[in-house]
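Worksheet: one structure, shown below.
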Amino acid sequence: MKIRRDYEKDRVYICHTYYHAYIAAVKELVKRHTDKGKADIILSTMSNDFGSLSERLIRSGIFDRVFTYHEQQDITSGEVMNYHRDRGNIVLNLLQRITYTRLLGQLQEDYIPTDLASYRDVYVFCDSDPIGYYLNYKKIYYHAVEDGLNSGKLDDQARNANRGAWPLKKLMAKMGLIFIESGYSRYCIDYEVNDISANHMPPKNTVEVPRKELNDKLSPEDHAHLVDIFLENKENVIAQLLGSDDPASDADGPKPQVMILTEPLCEMDVRKKLFGDIIDMYRGDNRIIIKPHPRDILDYEKEFPDVAVIRDKFPMEVLGDIEGFCVDKVISVITQMDNTYFAKEIVYLGLDFLDKYENPDIHRKTENLNKK
């Protein structure tokens, strides 16, 4: 593998979610203790509204430059979509995919906010998005980073997106003819994950960078810095979290606090019932806090007016950076909770629970791979 050495800038992080931006900030804060190089960050608007996060990242000084990237999906181009149809034949499908890979990469050309080839290290979260095709098209080497904490545990994204003729497709990706995400691209140097063992058949270039080890290297000042960046209305959010704006309590004192993490699961009406049932499981003896997922648009305040709802959008992980904050239980359906530092007890409901609300074929794709 021939990697460019003649670079002008140190590194850049390409992010699609609040979680991505949070991990990029953590990595840079850790690097500050040993590395004097500078880093830029790019926030893609394709699937997430970052609000004023760009301004807060600029004020933080962690990154030298903060860019916005209006990433273009294939559906925005009739020409690209013309090569994204089932031709009814594996050979014809693969031939058209070569053209699709090139065209989707070209589609990004006018929207990339900085010269990615000028960086020594390019870190891409969720390279399955069009940015991965652009890097493949431009032959730019990069580091892929897992989409979410242990996201490979429930979704082998590369194989699930490339069912049928997997060995042939993998070979074509290594030749640069087509693009496959999560470590299989010819130009992917390595695929960084929190825990290799939590992934389903990871590629050989997978590297493990435990998030706990990064967290352990953060100073108290670093944690405070993260809170300032990711909590837009810090005082109000902390007041809600601590219950200082909620007079409800038992005669013997405050109730135990249970935080429920929502996720954009199922259709909206089913999601309402799912999280309503979870609330009912803990209602009465506990003070319930709802932490909506940044992409969850269900109005929990309207649907469940008797519980505390944290309205601001921020990555759940930053709650572990708030000094003195702790809940008695945190409840998750499928969000991985390995590195949750602000809860005395973690309750992971898992796929068996989700099966009651949604067709298992929708969320058990990786398990189905093993049955073939």
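Residues in the structure tokens are named by chain (A, B, ... in the order shown) and by number from 1 within that chain; ligands are numbered from 1 in the order shown.
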Hey, which bits of segment 263-344 of chain A sit within 12 Å of segment 179-196 of chain A, and for each residue what's the closest pair of atoms and how far apart in Å (one decimal), counting only C-alpha atoms, rows by chain and increasing number, as JSON lines?
```
{"residue": "A:Gln336", "atom": "CA", "partner": "A:Asn194", "partner_atom": "CA", "distance": 11.1}
{"residue": "A:Met337", "atom": "CA", "partner": "A:Asn194", "partner_atom": "CA", "distance": 11.9}
{"residue": "A:Asp338", "atom": "CA", "partner": "A:Asn194", "partner_atom": "CA", "distance": 9.7}
{"residue": "A:Asn339", "atom": "CA", "partner": "A:Asn194", "partner_atom": "CA", "distance": 9.7}
```
Residues of segment 35-262 of chain A classed as alpha helix (DSSP H) by DSSP on the backbone are to be reported as a PyMOL selection string.
chain A and resi 53-60+78-81+90-107+130-138+157-160+166-174+211-216+220-230+234-242
So that I can see what lies close to Ile98 of chain A, please list as a PyMOL selection string the residues with an atom at most 10 Å from it, counting only C-alpha atoms and leaving out residues fewer than 6 positions away in the same chain.
chain A and resi 83+172-173+176-179
Considering only C-alpha atoms, return as a PyMOL selection string whatever protein or nucleic-acid residues lie within 12 Å of segment 55-62 of chain A, sequence-local ones (same chain, fewer than 5 positions apart) excluded.
chain A and resi 12+18+21-22+24-32+36-43+50+67-68+222+224-233
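Shortest atom-to-atom contact with Leu94 of chain A among A:Lys139, A:Lys170, A:Arg120, A:Arg271: A:Lys170, counting only C-alpha atoms.
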Near Val309 of chain A, counting only C-alpha atoms, which residues have an atom at most 7 Å away, once you skip same-chain residues fewer than 4 positions from it, shown as a PyMOL selection string?
chain A and resi 289-291+300-301
For segment 45-49 of chain A, list every protein, DNA or RNA residue within 9 Å, evaluated using only C-alpha atoms, and leave out those in the same chain fewer than 5 positions away; present the list as a ChimeraX atom specification.
/A:16-18,68-73,129,294-295
Just-selected residues, N, CA and C atoms written as a short mmCIF file (atom, residue, chain, number, x, y, z; two decimals), in the first residue's frame:
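Final output, again05.cif:
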```
data_model
loop_
_atom_site.label_atom_id
_atom_site.label_comp_id
_atom_site.auth_asym_id
_atom_site.auth_seq_id
_atom_site.Cartn_x
_atom_site.Cartn_y
_atom_site.Cartn_z
N HIS A 16 -20.63 12.53 11.00
CA HIS A 16 -22.02 12.56 10.56
C HIS A 16 -23.01 12.68 11.71
N THR A 17 -22.56 12.48 12.94
CA THR A 17 -23.46 12.52 14.10
C THR A 17 -22.78 13.24 15.26
N TYR A 18 -23.58 13.56 16.29
CA TYR A 18 -23.04 14.16 17.51
C TYR A 18 -22.03 13.22 18.15
N THR A 68 -18.38 22.75 7.29
CA THR A 68 -19.67 22.10 7.04
C THR A 68 -19.63 21.48 5.65
N TYR A 69 -20.13 20.27 5.54
CA TYR A 69 -20.09 19.53 4.28
C TYR A 69 -21.50 19.11 3.91
N HIS A 70 -22.01 19.62 2.80
CA HIS A 70 -23.34 19.26 2.32
C HIS A 70 -23.23 18.01 1.44
N GLU A 71 -23.07 16.89 2.13
CA GLU A 71 -22.86 15.60 1.47
C GLU A 71 -24.05 15.25 0.58
N GLN A 72 -23.77 14.78 -0.63
CA GLN A 72 -24.80 14.51 -1.61
C GLN A 72 -25.12 13.01 -1.70
N GLN A 73 -26.39 12.66 -1.44
CA GLN A 73 -26.81 11.27 -1.57
C GLN A 73 -27.02 10.91 -3.03
N ASP A 129 -21.25 6.20 3.96
CA ASP A 129 -21.91 7.35 3.34
C ASP A 129 -21.11 7.80 2.12
N PRO A 294 -30.59 12.14 19.31
CA PRO A 294 -30.60 13.37 18.49
C PRO A 294 -31.42 13.27 17.21
N ARG A 295 -31.60 12.04 16.67
CA ARG A 295 -32.39 11.90 15.44
C ARG A 295 -33.81 11.39 15.70
#
```
Nearest-residue call for Pro210 of chain A, choices A:Asp280, A:Glu146, A:Glu345, A:Asp296, using only C-alpha atoms:
A:Glu146
Point-to-point distance in Å for atom CA of Gly132 of chain A and atom CA of Arg159 of chain A
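According to the coordinates, atom CA of Arg159 of chain A and atom CA of Gly132 of chain A are separated by 16.0 Å.
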Running DSSP on the backbone, which parts of segment 133-305 of chain A land in strand (DSSP E or B), as an MDAnalysis selection string?
chainID A and resid 142:145 188:193 206:208 250 253 257:261 287:291
With 9 Å as the cut-off and only C-alpha atoms counted, what is the closest atom pair between each nearby residue of segment 67-155 of chain A and segment 347-370 of chain A? Distances in Å to one decimal, ordered by chain and number, as JSON lines.
```
{"residue": "A:Lys153", "atom": "CA", "partner": "A:Thr366", "partner_atom": "CA", "distance": 8.5}
{"residue": "A:Leu154", "atom": "CA", "partner": "A:Thr366", "partner_atom": "CA", "distance": 6.3}
{"residue": "A:Asp155", "atom": "CA", "partner": "A:Thr366", "partner_atom": "CA", "distance": 5.5}
```
Can you pull out every residue within 10 Å of Lys329 of chain A, counting only C-alpha atoms, but drop anything in the same chain fewer than 2 positions away, and send it as a list in words?
Pro256, Gln257, Val258, Met259, Ile260, Asn286, Ile288, Cys326, Val327, Ile331, Ser332, Phe342, Ala343, Lys344, Glu345, Ile346 and Val347 of chain A
Identify which of the residues A:Ile131, A:Leu95, A:Pro315, A:Asn215 lies closest to Thr335 of chain A, counting only C-alpha atoms when measuring atom-to-atom distances.
A:Pro315
